[in-house]
Structures are given as structure tokens and as C-alpha cells.
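Data first, discussion second: the structure below is written as C-alpha cells.
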Amino acid sequence: MKLYRFLSEEDTSAFCHKVTDALNKGWELYGSPTQTFCHKTGVMRCGQSVVKEVEGTYTLETKLGEH
């Protein structure tokens, strides 16, 4: 099955670490990164989609972060 996740975080090194961790666990980048300004908090936020092919059948109980 193919899994999809959207990673997001404030525009700090924490976002880069989150994406790097996913890549090192076998996830692949999917599409371009995105960035937006949150007027409520006054900070930039980044996002990146990632996908991964794994064994099994997808259900709503599939824990995406555990793969």
C-alpha cells in the first residue's frame, strides 16, 4: 500500500529535522514544499508531503507515523 503524510512545522530547523527524519525512515518527497504566514501567531509555517510504499492493507487504524 502507499501511505501519504503531510508534515508541517514552524519555519525553523525543527521542520527540516522532521522532513529529514521521514526521509531517513524511507519516506519520499511528494510535490513541492509549501510555506504560509499565520496571522494569528505571527509565524511562518512550512509543509511537505511525503509518501511511502509498505506491505499490508490500509485501514483508518493505520498509524502513519509508525512506518
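Starting from 1 in every chain, residues are counted up; chains themselves are A, B, ... following the order of the C-alpha cells, and ligands are numbered from 1 as listed.
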Margin query: Report as a ChimeraX atom specification all protein, DNA and RNA residues lying within 8 Å of A:His67, evaluated on only C-alpha atoms, omitting residues in the same chain fewer than 3 positions from it.
Written below: /A:25,54,63-64
Taking the chain letters and numbering used in this document, name the residues of chain A that DSSP puts in alpha helix (DSSP H), as a JSON list (two decimals) with C-alpha atoms, in the first residue's frame.
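Below is the file that was written, part_4.json:
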```json
[["chain", "number", "residue", "atom", "x", "y", "z"],
["A", 13, "SER", "CA", 15.28, 23.91, 11.83],
["A", 14, "ALA", "CA", 12.67, 21.68, 13.52],
["A", 15, "PHE", "CA", 10.83, 21.46, 10.19],
["A", 16, "CYS", "CA", 13.99, 20.40, 8.36],
["A", 17, "HIS", "CA", 14.70, 17.80, 11.05],
["A", 18, "LYS", "CA", 11.14, 16.44, 10.75],
["A", 19, "VAL", "CA", 11.45, 16.03, 6.97],
["A", 20, "THR", "CA", 14.98, 14.61, 7.24],
["A", 21, "ASP", "CA", 13.79, 12.05, 9.81],
["A", 22, "ALA", "CA", 10.98, 10.95, 7.47],
["A", 23, "LEU", "CA", 13.40, 10.63, 4.52],
["A", 24, "ASN", "CA", 15.75, 8.50, 6.62]]
```
Item checked: Nearby residues (only C-alpha atoms) at most 9 Å from A:Glu10, same-chain spacing under 5 positions excluded, as an NGL selection string -> :A and (15 or 43-47)
Note to self: Can you pull out the residues contacting A:Glu28? Cut-off 7 Å, using only C-alpha atoms, and skip same-chain residues under 4 positions away; I want them as a list in words.
What the structure shows: Leu23, Val50, Val51 and Lys52 of chain A
Next item on the list: Just give me the gap between atom CA of A:Asp11 and atom CA of A:Lys40 in Å, one decimal is fine.
Entry: 15.1 Å
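With only C-alpha atoms as the atoms that count, the minimum distance from A:Thr34 to the choices A:Ser49, A:Glu55, A:Glu66, A:Thr12 is reached by A:Ser49.
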Next item on the list: Give me the residues within 12 Å of A:Thr57 as a ChimeraX atom specification, counting only C-alpha atoms and dropping any in the same chain fewer than 4 places off.
Entry: /A:1-3,53,61-63
Keeping only N, CA and C atoms, write the selected residues to a file as a JSON list (two decimals), in the first residue's frame.
```
[["chain", "number", "residue", "atom", "x", "y", "z"],
["A", 1, "MET", "N", 0.84, -1.17, 0.00],
["A", 1, "MET", "CA", 0.00, 0.00, 0.00],
["A", 1, "MET", "C", 0.88, 1.23, 0.00],
["A", 2, "LYS", "N", 0.36, 2.31, -0.51],
["A", 2, "LYS", "CA", 1.09, 3.58, -0.50],
["A", 2, "LYS", "C", 0.50, 4.45, 0.60],
["A", 3, "LEU", "N", 1.38, 4.97, 1.46],
["A", 3, "LEU", "CA", 0.97, 5.85, 2.55],
["A", 3, "LEU", "C", 1.31, 7.29, 2.19],
["A", 53, "GLU", "N", 5.82, 3.43, 0.22],
["A", 53, "GLU", "CA", 5.22, 2.16, -0.16],
["A", 53, "GLU", "C", 5.58, 1.13, 0.92],
["A", 61, "GLU", "N", -7.24, 2.70, 10.92],
["A", 61, "GLU", "CA", -6.43, 2.50, 12.13],
["A", 61, "GLU", "C", -4.93, 2.47, 11.82],
["A", 62, "THR", "N", -4.53, 2.55, 10.55],
["A", 62, "THR", "CA", -3.11, 2.54, 10.17],
["A", 62, "THR", "C", -2.42, 3.74, 10.82],
["A", 63, "LYS", "N", -1.35, 3.47, 11.55],
["A", 63, "LYS", "CA", -0.58, 4.52, 12.22],
["A", 63, "LYS", "C", 0.53, 4.98, 11.27]]
```
Margin query: as a ChimeraX atom specification, please: every residue in chain A that a backbone DSSP assignment puts in strand (DSSP E or B).
Written below: /A:2-10,28-38,43-53
